[in-house]
Each structure stands twice: as structure tokens, then as C-alpha cells.
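> Structure file coords.tsv (TSV, C-alpha atoms and all ligand atoms) right here:
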```tsv
chain	number	residue	atom	x	y	z
A	465	MET	CA	-15.42	-6.51	-17.27
A	466	THR	CA	-13.71	-9.83	-17.92
A	467	ALA	CA	-15.33	-13.08	-17.00
A	468	TRP	CA	-12.49	-14.48	-14.90
A	469	HIS	CA	-12.62	-18.24	-14.47
A	470	PRO	CA	-14.16	-18.97	-11.01
A	471	LEU	CA	-11.16	-21.12	-10.02
A	472	LEU	CA	-8.88	-18.09	-10.29
A	473	PHE	CA	-10.57	-16.62	-7.22
A	474	THR	CA	-9.51	-19.58	-5.09
A	475	HIS	CA	-5.82	-18.60	-5.28
A	476	TRP	CA	-3.77	-16.05	-3.34
A	477	TYR	CA	-2.55	-12.80	-4.83
A	478	ALA	CA	-0.17	-10.10	-3.62
A	479	VAL	CA	-2.25	-6.94	-3.25
A	480	ALA	CA	-0.16	-4.40	-1.35
A	481	ARG	CA	3.16	-3.71	0.26
A	482	ALA	CA	2.77	-4.68	3.91
A	483	ASP	CA	4.21	-1.33	5.05
A	484	GLU	CA	1.53	0.56	3.07
A	485	VAL	CA	-1.32	-1.04	4.98
A	486	ARG	CA	-2.08	1.04	8.04
A	487	ALA	CA	-5.12	2.53	9.76
A	488	LYS	CA	-5.91	4.64	6.72
A	489	PRO	CA	-7.63	2.14	4.38
A	490	LEU	CA	-6.28	1.31	0.95
A	491	ALA	CA	-8.52	0.56	-2.01
A	492	VAL	CA	-7.17	-2.51	-3.81
A	493	THR	CA	-8.54	-4.21	-6.89
A	494	LEU	CA	-7.84	-7.72	-8.11
A	495	LEU	CA	-9.74	-9.71	-10.72
A	496	ASP	CA	-12.20	-6.79	-10.93
A	497	THR	CA	-12.97	-7.29	-7.23
A	498	HIS	CA	-12.76	-4.16	-5.09
A	499	VAL	CA	-11.46	-4.45	-1.57
A	500	ALA	CA	-10.92	-2.03	1.33
A	501	LEU	CA	-7.75	-3.05	3.13
A	502	ALA	CA	-6.61	-1.67	6.49
A	503	ARG	CA	-4.80	-2.55	9.69
A	504	THR	CA	-6.58	-2.14	13.00
A	505	GLU	CA	-4.97	-0.45	15.98
A	506	GLY	CA	-4.22	-3.93	17.37
A	507	GLY	CA	-2.47	-4.86	14.10
A	508	THR	CA	-5.16	-7.15	12.62
A	509	LEU	CA	-5.66	-6.94	8.88
A	510	ILE	CA	-9.15	-6.03	7.73
A	511	ALA	CA	-10.08	-6.84	4.11
A	512	LEU	CA	-13.71	-6.12	3.27
A	513	GLU	CA	-15.66	-5.67	0.09
A	514	ASP	CA	-15.25	-2.01	-0.75
A	515	ARG	CA	-18.96	-1.24	-0.59
A	516	CYS	CA	-20.93	-0.41	2.50
A	517	PRO	CA	-24.12	-2.50	2.66
A	518	HIS	CA	-26.09	0.60	3.75
A	519	ARG	CA	-25.88	3.05	0.83
A	520	HIS	CA	-22.86	1.62	-0.97
A	521	ALA	CA	-20.24	4.21	-0.04
A	522	PRO	CA	-16.68	2.85	-0.43
A	523	LEU	CA	-15.36	1.58	2.88
A	524	SER	CA	-11.84	2.39	1.66
A	525	ALA	CA	-12.75	6.07	2.13
A	526	GLY	CA	-13.58	5.40	5.79
A	527	CYS	CA	-11.31	5.04	8.78
A	528	VAL	CA	-10.20	2.54	11.37
A	529	ASN	CA	-11.53	3.00	14.89
A	530	GLY	CA	-9.91	0.60	17.32
A	531	GLU	CA	-10.58	-2.84	15.83
A	532	ARG	CA	-13.24	-1.70	13.39
A	533	LEU	CA	-13.52	-0.08	10.01
A	534	ALA	CA	-16.10	2.73	9.85
A	535	CYS	CA	-17.95	3.80	6.73
A	536	PRO	CA	-17.33	7.43	5.75
A	537	TYR	CA	-21.02	8.16	5.01
A	538	HIS	CA	-23.14	7.37	8.12
A	539	GLY	CA	-20.47	5.74	10.23
A	540	TRP	CA	-21.62	2.12	10.28
A	541	SER	CA	-18.68	0.15	11.55
A	542	PHE	CA	-17.55	-3.40	10.82
A	543	ASP	CA	-15.13	-5.78	12.48
A	544	ALA	CA	-12.46	-7.85	10.71
A	545	GLU	CA	-15.05	-10.59	10.10
A	546	GLY	CA	-17.22	-8.08	8.26
A	547	GLN	CA	-19.87	-8.09	10.95
A	548	LEU	CA	-21.76	-4.84	11.45
A	549	CYS	CA	-21.02	-3.74	15.03
A	550	GLU	CA	-22.38	-0.26	15.36
A	551	VAL	CA	-24.95	2.02	13.73
A	552	PRO	CA	-24.40	5.56	15.01
A	553	GLY	CA	-27.67	7.17	16.10
A	554	LEU	CA	-29.46	3.94	16.87
A	555	PRO	CA	-31.02	4.16	20.37
A	556	ALA	CA	-29.38	2.04	23.04
A	557	ASP	CA	-32.34	-0.32	23.32
A	558	ALA	CA	-32.45	-1.06	19.57
A	559	SER	CA	-30.39	-3.95	18.31
A	560	VAL	CA	-27.83	-3.66	15.52
A	561	PRO	CA	-29.17	-5.62	12.55
A	562	PRO	CA	-27.28	-8.84	11.68
A	563	ILE	CA	-25.59	-7.50	8.57
A	564	ARG	CA	-22.28	-8.66	7.19
A	565	VAL	CA	-19.96	-7.34	4.54
A	566	ARG	CA	-18.07	-9.87	2.50
A	567	ARG	CA	-14.62	-10.33	4.03
A	568	PHE	CA	-11.49	-11.77	2.45
A	569	ALA	CA	-8.77	-14.01	3.83
A	570	THR	CA	-5.40	-12.26	4.03
A	571	CYS	CA	-1.89	-13.01	5.15
A	572	GLU	CA	1.48	-11.29	5.20
A	573	LEU	CA	4.46	-12.87	3.41
A	574	ASP	CA	7.83	-11.56	2.26
A	575	GLY	CA	6.87	-7.92	2.66
A	576	PHE	CA	3.50	-8.11	0.93
A	577	ILE	CA	-0.12	-8.57	1.91
A	578	TRP	CA	-1.68	-11.55	0.11
A	579	LEU	CA	-5.40	-12.00	-0.40
A	580	ARG	CA	-7.65	-14.84	-1.53
A	581	PRO	CA	-10.82	-13.50	-3.19
A	582	ALA	CA	-12.94	-16.67	-2.76
A	583	ALA	CA	-14.32	-17.73	0.63
A	584	SER	CA	-12.67	-21.12	0.22
A	585	GLY	CA	-9.71	-22.40	-1.78
A	586	ALA	CA	-5.98	-22.74	-1.26
A	587	GLU	CA	-5.12	-22.58	2.45
A	588	GLN	CA	-2.06	-20.46	1.81
A	589	PRO	CA	-0.08	-18.94	-1.05
A	590	HIS	CA	2.02	-21.25	-3.22
A	591	ALA	CA	5.05	-23.03	-1.77
A	592	MET	CA	7.58	-20.96	-3.72
A	593	ILE	CA	6.72	-17.81	-1.81
A	594	CYS	CA	6.07	-19.61	1.48
A	595	ALA	CA	9.61	-21.03	1.28
A	596	THR	CA	11.29	-17.71	0.50
A	597	ASP	CA	13.44	-16.38	3.31
A	598	PRO	CA	12.36	-12.76	3.93
A	599	ASP	CA	15.67	-12.06	5.67
A	600	THR	CA	17.52	-12.26	2.37
A	601	ARG	CA	15.28	-9.65	0.79
A	602	ARG	CA	17.23	-6.59	-0.31
A	603	PHE	CA	14.67	-4.74	-2.27
A	604	LEU	CA	10.90	-4.42	-2.55
A	605	TRP	CA	8.85	-2.40	-4.97
A	606	ARG	CA	5.48	-2.25	-6.63
A	607	THR	CA	4.50	-1.00	-10.03
A	608	ARG	CA	1.55	-1.16	-12.40
A	609	TRP	CA	1.63	-2.26	-16.02
A	610	SER	CA	-0.99	-1.45	-18.65
A	611	ALA	CA	-1.08	-5.03	-19.80
A	612	ASN	CA	-3.06	-8.22	-19.59
A	613	VAL	CA	-1.62	-10.57	-16.95
A	614	VAL	CA	-0.64	-13.25	-19.50
A	615	ASP	CA	1.24	-10.75	-21.66
A	616	ALA	CA	2.88	-9.26	-18.56
A	617	MET	CA	4.05	-12.63	-17.20
A	618	GLU	CA	5.22	-13.82	-20.59
A	619	ASN	CA	7.27	-10.65	-20.94
A	620	PHE	CA	9.13	-11.26	-17.68
A	621	LEU	CA	9.64	-15.01	-18.19
A	622	ASP	CA	10.69	-14.95	-21.81
A	623	PRO	CA	14.30	-14.06	-22.62
A	624	LEU	CA	13.88	-13.53	-26.36
A	625	HIS	CA	12.69	-9.95	-26.16
A	626	THR	CA	15.68	-8.84	-24.12
A	627	HIS	CA	18.00	-8.43	-27.14
A	628	PHE	CA	15.60	-5.89	-28.60
A	629	VAL	CA	13.71	-4.21	-25.79
A	630	HIS	CA	16.76	-4.09	-23.50
A	631	ALA	CA	19.43	-4.02	-26.19
A	632	GLY	CA	22.84	-3.63	-24.61
A	633	LEU	CA	21.46	-3.58	-21.09
A	634	VAL	CA	20.46	-7.22	-20.63
A	635	ARG	CA	21.59	-8.89	-23.86
A	636	ARG	CA	22.96	-8.00	-27.28
A	637	ASP	CA	21.56	-9.31	-30.52
A	638	GLY	CA	24.97	-9.64	-32.18
A	639	LYS	CA	26.39	-11.72	-29.33
A	640	ARG	CA	24.02	-14.65	-29.16
A	641	VAL	CA	25.21	-18.00	-27.89
A	642	GLN	CA	23.76	-21.43	-28.45
A	643	ALA	CA	21.63	-22.31	-25.42
A	644	ARG	CA	19.31	-25.10	-24.38
A	645	ALA	CA	16.19	-24.50	-22.38
A	646	SER	CA	14.51	-27.36	-20.55
A	647	PHE	CA	10.85	-26.82	-19.79
A	648	ILE	CA	10.03	-28.77	-16.63
A	649	PRO	CA	6.41	-28.86	-15.38
A	650	THR	CA	6.11	-28.58	-11.59
A	651	GLY	CA	3.16	-29.03	-9.23
A	652	GLU	CA	2.69	-25.26	-9.10
A	653	GLY	CA	3.58	-24.28	-12.64
A	654	PHE	CA	6.90	-24.82	-14.39
A	655	THR	CA	10.61	-24.22	-14.35
A	656	VAL	CA	12.69	-23.35	-17.39
A	657	ASP	CA	16.32	-24.29	-16.96
A	658	TYR	CA	18.68	-22.44	-19.30
A	659	ARG	CA	22.03	-24.00	-20.07
A	660	GLY	CA	24.93	-22.85	-22.16
A	661	MET	CA	25.02	-19.25	-20.99
A	662	PRO	CA	28.05	-18.80	-18.75
A	663	ALA	CA	27.62	-15.03	-18.79
A	664	GLN	CA	25.24	-12.59	-20.31
A	665	SER	CA	26.33	-10.01	-22.82
A	666	GLY	CA	24.55	-6.96	-21.42
A	667	LEU	CA	25.98	-4.17	-19.30
A	668	LEU	CA	23.84	-5.04	-16.27
A	669	TYR	CA	25.42	-8.46	-16.01
A	670	ARG	CA	28.97	-7.40	-16.74
A	671	LEU	CA	28.80	-4.94	-13.87
A	672	PHE	CA	27.13	-7.00	-11.20
A	673	GLU	CA	27.77	-10.64	-11.81
A	674	SER	CA	30.38	-13.27	-11.13
A	675	GLU	CA	30.58	-16.73	-12.74
A	676	ARG	CA	27.11	-18.15	-13.06
A	677	THR	CA	26.30	-21.84	-12.67
A	678	ALA	CA	22.59	-21.84	-13.38
A	679	GLU	CA	19.84	-19.63	-14.66
A	680	ARG	CA	16.24	-20.66	-14.18
A	681	ALA	CA	12.86	-19.08	-14.69
A	682	HIS	CA	9.96	-20.28	-12.56
A	683	PHE	CA	6.23	-19.87	-12.70
A	684	ALA	CA	4.12	-20.61	-9.62
A	685	ALA	CA	0.39	-20.21	-10.14
A	686	PRO	CA	-1.45	-18.00	-10.09
A	687	GLY	CA	0.81	-15.01	-10.61
A	688	SER	CA	4.38	-15.49	-9.42
A	689	ALA	CA	7.40	-15.49	-11.67
A	690	ARG	CA	10.96	-15.84	-10.52
A	691	LEU	CA	14.34	-15.50	-12.20
A	692	GLU	CA	16.89	-17.49	-10.24
A	693	TYR	CA	20.63	-17.14	-10.73
A	694	THR	CA	23.11	-19.32	-8.92
A	695	TYR	CA	26.81	-18.65	-8.85
A	696	ALA	CA	30.01	-20.64	-8.55
A	697	ASN	CA	30.76	-18.88	-5.24
A	698	GLY	CA	27.63	-20.44	-3.71
A	699	SER	CA	25.45	-17.37	-3.77
A	700	ARG	CA	22.02	-17.03	-5.28
A	701	VAL	CA	19.99	-14.11	-6.56
A	702	LEU	CA	16.21	-14.25	-6.90
A	703	ILE	CA	14.16	-11.68	-8.75
A	704	ASP	CA	10.50	-12.29	-7.95
A	705	LEU	CA	7.62	-10.59	-9.67
A	706	HIS	CA	4.14	-11.30	-8.33
A	707	PHE	CA	1.52	-10.35	-10.89
A	708	THR	CA	-2.00	-9.44	-9.78
A	709	PRO	CA	-4.48	-8.50	-12.49
A	710	ARG	CA	-6.67	-5.58	-11.51
A	711	SER	CA	-8.65	-6.00	-14.72
A	712	ALA	CA	-8.03	-7.61	-18.10
A	713	GLU	CA	-6.00	-4.58	-19.10
A	714	GLU	CA	-4.12	-3.60	-15.99
A	715	THR	CA	-1.78	-5.65	-13.83
A	716	ASP	CA	-0.14	-4.78	-10.53
A	717	VAL	CA	3.41	-6.04	-10.22
A	718	PHE	CA	5.04	-6.66	-6.83
A	719	VAL	CA	8.79	-7.00	-7.04
A	720	THR	CA	11.43	-8.31	-4.67
A	721	LEU	CA	15.11	-8.99	-5.02
A	722	HIS	CA	16.75	-11.52	-2.73
A	723	VAL	CA	20.45	-12.13	-2.37
A	724	GLU	CA	21.66	-15.23	-0.56
A	725	GLY	CA	25.19	-16.00	0.56
A	726	ARG	CA	26.88	-12.84	-0.60
A	727	TRP	CA	27.76	-9.40	0.71
A	728	ALA	CA	25.04	-7.20	-0.70
A	729	PRO	CA	23.54	-4.73	1.75
A	730	ALA	CA	20.20	-3.22	0.76
A	731	TRP	CA	21.69	0.24	0.26
A	732	ALA	CA	24.28	-1.11	-2.19
A	733	VAL	CA	21.65	-2.99	-4.17
A	734	ARG	CA	19.53	0.13	-4.30
A	735	LEU	CA	22.44	2.29	-5.37
A	736	LEU	CA	23.94	-0.02	-7.98
A	737	ALA	CA	21.24	-2.31	-9.33
A	738	TRP	CA	18.16	-0.14	-8.99
A	739	PRO	CA	18.84	2.35	-11.82
A	740	PHE	CA	19.29	-0.58	-14.20
A	741	LEU	CA	16.25	-2.50	-12.98
A	742	LYS	CA	14.16	0.65	-13.21
A	743	ARG	CA	15.31	1.22	-16.77
A	744	VAL	CA	14.55	-2.40	-17.71
A	745	ASN	CA	11.11	-2.02	-16.15
A	746	ASP	CA	10.41	1.20	-18.07
A	747	GLN	CA	11.40	-0.47	-21.33
A	748	ASP	CA	9.10	-3.43	-20.64
A	749	MET	CA	6.24	-1.14	-19.65
A	750	ALA	CA	6.60	0.80	-22.87
A	751	ILE	CA	6.54	-2.23	-25.18
A	752	LEU	CA	3.66	-3.80	-23.24
A	753	ALA	CA	1.63	-0.60	-23.53
A	754	LEU	CA	2.20	-0.58	-27.29
A	755	GLN	CA	1.26	-4.26	-27.51
A	756	ALA	CA	-1.92	-3.73	-25.44
A	757	ARG	CA	-2.94	-0.74	-27.51
A	758	ASN	CA	-2.56	-2.72	-30.70
A	759	MET	CA	-4.53	-5.64	-29.31
A	760	ARG	CA	-7.35	-3.22	-28.59
A	761	ARG	CA	-7.09	-1.74	-32.09
A	762	PHE	CA	-7.25	-5.16	-33.75
A	763	GLY	CA	-9.40	-6.92	-31.15
A	764	ASP	CA	-7.49	-10.18	-31.38
A	765	ARG	CA	-5.27	-11.77	-28.77
A	766	ASN	CA	-4.12	-14.89	-30.61
A	767	GLY	CA	-0.61	-14.66	-31.96
A	768	ALA	CA	1.58	-17.06	-33.91
A	769	SER	CA	4.23	-18.93	-31.93
A	770	THR	CA	7.36	-20.97	-32.56
A	771	SER	CA	9.23	-23.52	-30.45
A	772	LEU	CA	10.94	-20.55	-28.76
A	773	ASP	CA	7.70	-19.43	-27.12
A	774	ILE	CA	8.00	-21.91	-24.27
A	775	VAL	CA	5.97	-20.24	-21.55
A	776	ARG	CA	2.96	-18.82	-23.35
A	777	GLY	CA	0.83	-21.97	-23.59
A	778	THR	CA	0.86	-22.78	-19.88
A	779	LEU	CA	0.22	-19.18	-18.87
A	780	GLU	CA	-2.67	-18.86	-21.29
A	781	GLN	CA	-4.18	-22.14	-20.21
A	782	PHE	CA	-3.92	-21.32	-16.52
A	783	TRP	CA	-5.45	-17.87	-16.84
A	784	SER	CA	-8.29	-19.02	-19.08
A	785	GLN	CA	-9.15	-22.33	-17.37
A	786	GLY	CA	-8.06	-21.54	-13.82
A	787	ALA	CA	-5.96	-24.71	-13.80
A	788	LEU	CA	-2.60	-25.89	-15.07
A	789	PRO	CA	-2.48	-28.24	-18.08
A	790	ALA	CA	-3.52	-31.76	-17.02
A	791	ALA	CA	-0.68	-33.64	-18.70
A	792	PRO	CA	2.12	-31.13	-19.18
A	793	MET	CA	5.11	-32.25	-21.19
A	794	ALA	CA	8.72	-31.67	-20.32
A	795	ARG	CA	10.77	-30.69	-23.34
A	796	ASP	CA	14.11	-29.34	-24.44
A	797	VAL	CA	14.31	-26.44	-26.82
A	798	SER	CA	17.43	-25.09	-28.42
A	799	MET	CA	17.73	-21.38	-28.96
A	800	LEU	CA	20.25	-18.67	-29.65
A	801	LEU	CA	20.31	-16.31	-26.71
B	1	LIG	S1	-23.36	4.26	3.32
B	1	LIG	FE1	-22.14	3.38	4.81
B	1	LIG	S2	-23.05	3.96	6.62
B	1	LIG	FE2	-24.38	4.73	5.12
B	2	FE	FE	12.02	-7.33	-20.18
```
Here is the file; what I need is its structure written in the form of C-alpha cells.
Ligand code: FES
Ligand SMILES: [Fe+2]

Amino acid sequence: MTAWHPLLFTHWYAVARADEVRAKPLAVTLLDTHVALARTEGGTLIALEDRCPHRHAPLSAGCVNGERLACPYHGWSFDAEGQLCEVPGLPADASVPPIRVRRFATCELDGFIWLRPAASGAEQPHAMICATDPDTRRFLWRTRWSANVVDAMENFLDPLHTHFVHAGLVRRDGKRVQARASFIPTGEGFTVDYRGMPAQSGLLYRLFESERTAERAHFAAPGSARLEYTYANGSRVLIDLHFTPRSAEETDVFVTLHVEGRWAPAWAVRLLAWPFLKRVNDQDMAILALQARNMRRFGDRNGASTSLDIVRGTLEQFWSQGALPAAPMARDVSMLL
């Protein structure tokens, strides 16, 4: 098990699709912490440590009864605060012992359930997701990558693998253009602003895009990454991936696609863009699995970098120290994309 930095537990993480959380509990894992997640009959979210304090059966194998979650073994039941409320078989004149299960703060945002593992910390998820308009969401999905969270986030935020891993689909190696990337630290992470790329060379972009005015990649700690495309016609497309490490070697990925200011009904996005996005995802999953396997074989995570590897340092620092770099530096990098 990894020793996660304690500060990492004070942040919020996407842990489930909101529509998956019902009366039948879900077992979710983040930062090697195991949680039973359910929705009571009244609609309240219950997030409790996935271990009954009696004989340690998993509460995620239990069931919701009214406003309580009952253990599958001897039926002890707990409210949303984690307080033991009932011990089946205890005579009416005996009092229920004052036992509590650890409970976790949760909230629902943009189609996902978010959870903060520590008892105290950030009041709410980062501003980037709080500011996202759920009404523009066209697509929502979750997947799981066999990769460390830093490698997974770097993969999504870094454009330089696209010519190889997604050759022809996202970009082509033989059609590179001179581009400038500005790395801009923000209060929550960073933004990389790419300039000099009026259009992308891959099939995906030729099919679905109009004239583009800006392309940006954002990181908002702990685990959110966004690709933002703005267009001359005033519309904007956001592809958000929220990364939640289950363990050092496995990362859950929660995906949304938002379209603002343009005709793009959800069914059309699903029909046209989904097969491409799915293929891109499969290609990334495959290379990340190879990378992870090799890191295990060689037991070393430190790689060589060049000026092109703009995002790695901040991601590594955040995930090892639990905090963003103290004095981050803005910089411009030129690259052939
Ligand atoms: S183990 Fe949960 S009630 Fe006994
Ligand atoms: Fe990729």
C-alpha cells in the first residue's frame, strides 16, 4: 500500500456516477481507503468506512433500510452520520452502545458523487468543477486505468504522445506545426495555453471541428484535468477527466464532455464523437498499461525530461507533497505539434 501524503486526503475526489448510487450500496476505493456508498430512501447520501465495527463485514454488501445502512452479517444499522442505531436481537430495555463508523463528507456535482476522505479540509471541490454548468453536459462516462495517477494525468494533459499513440486520429507526426505553449500557474494548479495551432491534423478534428481560437489544458488539484477548445463562432467544448487513484497502480477516470453555445444534442455527440473518444481512450489505456508494467519490472519511476515535458513536475510535486509548488514559474515553451 502506498503512503499517500496526509494532505491528499483533505481534497475532494470524484468517486462514482451520481446515477449509480442508489439503495444498493457501492464499494468505492480512493487513496487505498474503502468506502460503502449508498443513497437512503429519502435521497441522502451515506458514505461510511466499508467495515462494520462489529465483526468487520463490508457494509457495501449490506442494504439500505429507510435512512440507514444495515450490515449484511448481523444487521447492525448505521445512519448517515455513522452512528449505530440498531442492534437486532438486543432486548428493548438494553441500550444501543455508542458506536460510530467513520463517515465521509460527500456532495454531488456535474453528474458525479464527490468525496473528501479526511474529516476536515477543503469545504468543497475545486472552483473549476464548481463553476461548470451541468446543463451543458452532453456526455458522462467512467473508466479505470491500470496506471499511477501522475502517469495517467500526464498522459491526458500532454499533447506530445498523440502523434504516436493516436496517430492519424488526433494528430499526425508528419504534419507538425510550430506552436508555443505558455505554462501559467493558477491557484488550483495550472493552465497551458497552446498557440499556433489553427486546426489539428487528425481525423477526429477534421470531422467535428470548426475554426478554433484557443486550446488550453488545465489542471485543478487534486485530480481534475480539462481540455478546453474555444471556437470563432463563440462556442466552447470542454473535455474533463477527473482522476481518482484507487491505489498507486490503479486510477478511476470520470469523464464528461460539455458543449456550450452550439447545436450538439447528447445523442449526436454519442453517435458521432463517442466511437472516436472510445478509441482514443483504448489507445491511452494500452500504452499506460505497458508503461506501468515496465515500471514494475524495473522498479524505477524517475524518467528523463526535456523542456517539452511541461506538466510532469507540478503533477509529481502535488501527488508526492500534497501541495502545489510554492513559487511556480510561468514560462513559454516552443514545440512542434
Ligand atoms: S459484522 Fe456487522 S453486524 Fe456483525
Ligand atoms: Fe492520449
> Just want the 7 Å neighbourhood of Gln547 of chain A, counted on only C-alpha atoms, with same-chain residues fewer than 5 positions away dropped. Output as a PyMOL selection string.
chain A and resi 542+563-565
> Point out the residue among A:Val717, A:Ala643, A:Ala500, A:Ala491 with the least atom-to-atom distance to Asn745 of chain A, counting all atoms listed in the file.
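For Asn745 of chain A, the nearest of the given residues is A:Val717.
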> In Å to one decimal, how far is atom CA of Tyr693 of chain A from atom CA of Pro792 of chain A?
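Separating atom CA of Pro792 of chain A from atom CA of Tyr693 of chain A is a distance of 24.7 Å.
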> Excluding Phe683 of chain A and its own-chain neighbours fewer than 2 positions away, which residues fall within 7 Å of it when counting only C-alpha atoms? Please give them as a list in words.
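Skipping anything fewer than 2 positions along the chain leaves Gly653, Phe654, Thr655, Ala681, Ala685, Ser688, Ala689 and Arg690 of chain A.
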> List all protein, DNA and RNA residues that have any atom at most 8 Å from ligand LIG 1 (chain B), counting all atoms listed in the file, and write the list as a list in words.
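Final answer, ordered by chain and number: Arg515, Cys516, Pro517, His518, Arg519, His520, Ala521, Pro522, Leu523, Ala534, Cys535, Pro536, Tyr537, His538, Gly539, Trp540, Ser541 and Val551 of chain A.
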> Can you tell me how far atom CA of Phe603 of chain A sits from atom CA of Phe740 of chain A, in Å to one decimal?
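Taking atom CA of Phe603 of chain A and atom CA of Phe740 of chain A, their separation equals 13.5 Å.
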> Which chains and residue numbers are within 10 Å of ligand FE 2 (chain B), counting all atoms listed in the file, if I want them as number ranges by chain?
A: 616, 618-630, 634, 741, 743-749, 751-752
> Point out the residue among A:Met799, A:Ala696, A:Met759, A:Ala558 with the least atom-to-atom distance to Tyr658 of chain A, counting only C-alpha atoms.
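Residue with the minimum atom-to-atom distance to Tyr658 of chain A: A:Met799.
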> Which of these, A:Arg795, A:Leu801, A:Glu724, A:Phe473, has the shortest distance to Asp637 of chain A once you count all atoms listed in the file?
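Checking each candidate against Asp637 of chain A, we get A:Leu801 as the closest.
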> One decimal, Å: what's the distance from atom CA of Thr596 of chain A over to atom CA of Arg726 of chain A, could you say?
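Calculated distance between atom CA of Thr596 of chain A and atom CA of Arg726 of chain A is 16.4 Å.
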> Would you be able to write out as a PDB file with C-alpha atoms, in the coordinates of the input which residues have an atom within 8 Å of (-11.1, -13.9, -14.1) in the file's coordinates, counting only C-alpha atoms?

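The resulting file, point10.pdb, is reproduced below:
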```
ATOM      1  CA  THR A 466     -13.710  -9.830 -17.920  1.00  0.00           C
ATOM      2  CA  ALA A 467     -15.330 -13.080 -17.000  1.00  0.00           C
ATOM      3  CA  TRP A 468     -12.490 -14.480 -14.900  1.00  0.00           C
ATOM      4  CA  HIS A 469     -12.620 -18.240 -14.470  1.00  0.00           C
ATOM      5  CA  PRO A 470     -14.160 -18.970 -11.010  1.00  0.00           C
ATOM      6  CA  LEU A 472      -8.880 -18.090 -10.290  1.00  0.00           C
ATOM      7  CA  PHE A 473     -10.570 -16.620  -7.220  1.00  0.00           C
ATOM      8  CA  LEU A 495      -9.740  -9.710 -10.720  1.00  0.00           C
ATOM      9  CA  ASP A 496     -12.200  -6.790 -10.930  1.00  0.00           C
ATOM     10  CA  TRP A 783      -5.450 -17.870 -16.840  1.00  0.00           C
ATOM     11  CA  SER A 784      -8.290 -19.020 -19.080  1.00  0.00           C
TER      12      SER A 784
END
```
> Would you mind telling me which residue in A:Asp796, A:Asp597, A:Asp483, A:Glu679 lies nearest to Ser771 of chain A when using all atoms listed in the file?
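The closest residue to Ser771 of chain A is A:Asp796.
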> Which is closest to Phe718 of chain A among A:Leu604, A:Ala631, A:Leu490, A:Ala678, if we use only C-alpha atoms?
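Once distances to Phe718 of chain A are computed over only C-alpha atoms, the minimum belongs to A:Leu604.
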> Near Arg644 of chain A, counting only C-alpha atoms, which residues have an atom at most 6 Å away, once you skip same-chain residues fewer than 4 positions from it, shown as number ranges by chain?
A: 658-659, 797-798
> Where atoms are absent from segment 769-787 of chain A, fill them in so it carries N, CA and C atoms, then output it as an mmCIF file, in the coordinates of the input.

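That gives us part-v5.cif:
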```
data_model
loop_
_atom_site.group_PDB
_atom_site.id
_atom_site.type_symbol
_atom_site.label_atom_id
_atom_site.label_comp_id
_atom_site.auth_asym_id
_atom_site.auth_seq_id
_atom_site.Cartn_x
_atom_site.Cartn_y
_atom_site.Cartn_z
ATOM 1 N N SER A 769 3.107 -18.591 -32.802
ATOM 2 C CA SER A 769 4.230 -18.930 -31.930
ATOM 3 C C SER A 769 5.179 -19.893 -32.614
ATOM 4 N N THR A 770 6.406 -19.956 -32.101
ATOM 5 C CA THR A 770 7.360 -20.970 -32.560
ATOM 6 C C THR A 770 7.802 -21.779 -31.336
ATOM 7 N N SER A 771 8.727 -22.697 -31.557
ATOM 8 C CA SER A 771 9.230 -23.520 -30.450
ATOM 9 C C SER A 771 9.890 -22.652 -29.368
ATOM 10 N N LEU A 772 10.280 -21.424 -29.739
ATOM 11 C CA LEU A 772 10.940 -20.550 -28.760
ATOM 12 C C LEU A 772 9.977 -20.009 -27.717
ATOM 13 N N ASP A 773 8.692 -20.010 -28.039
ATOM 14 C CA ASP A 773 7.700 -19.430 -27.120
ATOM 15 C C ASP A 773 7.275 -20.478 -26.087
ATOM 16 N N ILE A 774 8.193 -20.770 -25.176
ATOM 17 C CA ILE A 774 8.000 -21.910 -24.270
ATOM 18 C C ILE A 774 6.929 -21.680 -23.222
ATOM 19 N N VAL A 775 6.789 -20.442 -22.748
ATOM 20 C CA VAL A 775 5.970 -20.240 -21.550
ATOM 21 C C VAL A 775 4.518 -19.872 -21.850
ATOM 22 N N ARG A 776 4.273 -19.392 -23.047
ATOM 23 C CA ARG A 776 2.960 -18.820 -23.350
ATOM 24 C C ARG A 776 1.789 -19.778 -23.121
ATOM 25 N N GLY A 777 1.946 -21.018 -23.629
ATOM 26 C CA GLY A 777 0.830 -21.970 -23.590
ATOM 27 C C GLY A 777 0.337 -22.220 -22.172
ATOM 28 N N THR A 778 1.259 -22.489 -21.264
ATOM 29 C CA THR A 778 0.860 -22.780 -19.880
ATOM 30 C C THR A 778 0.207 -21.568 -19.233
ATOM 31 N N LEU A 779 0.792 -20.391 -19.467
ATOM 32 C CA LEU A 779 0.220 -19.180 -18.870
ATOM 33 C C LEU A 779 -1.193 -18.942 -19.383
ATOM 34 N N GLU A 780 -1.348 -19.082 -20.709
ATOM 35 C CA GLU A 780 -2.670 -18.860 -21.290
ATOM 36 C C GLU A 780 -3.685 -19.856 -20.747
ATOM 37 N N GLN A 781 -3.255 -21.118 -20.690
ATOM 38 C CA GLN A 781 -4.180 -22.140 -20.210
ATOM 39 C C GLN A 781 -4.576 -21.869 -18.765
ATOM 40 N N PHE A 782 -3.585 -21.553 -17.922
ATOM 41 C CA PHE A 782 -3.920 -21.320 -16.520
ATOM 42 C C PHE A 782 -4.894 -20.149 -16.376
ATOM 43 N N TRP A 783 -4.611 -19.059 -17.049
ATOM 44 C CA TRP A 783 -5.450 -17.870 -16.840
ATOM 45 C C TRP A 783 -6.801 -17.952 -17.527
ATOM 46 N N SER A 784 -6.960 -18.869 -18.489
ATOM 47 C CA SER A 784 -8.290 -19.020 -19.080
ATOM 48 C C SER A 784 -9.093 -20.127 -18.415
ATOM 49 N N GLN A 785 -8.420 -21.198 -17.964
ATOM 50 C CA GLN A 785 -9.150 -22.330 -17.370
ATOM 51 C C GLN A 785 -9.080 -22.333 -15.840
ATOM 52 N N GLY A 786 -8.223 -21.529 -15.266
ATOM 53 C CA GLY A 786 -8.060 -21.540 -13.820
ATOM 54 C C GLY A 786 -7.315 -22.760 -13.308
ATOM 55 N N ALA A 787 -6.695 -23.517 -14.206
ATOM 56 C CA ALA A 787 -5.960 -24.710 -13.800
ATOM 57 C C ALA A 787 -4.785 -24.928 -14.748
#
```
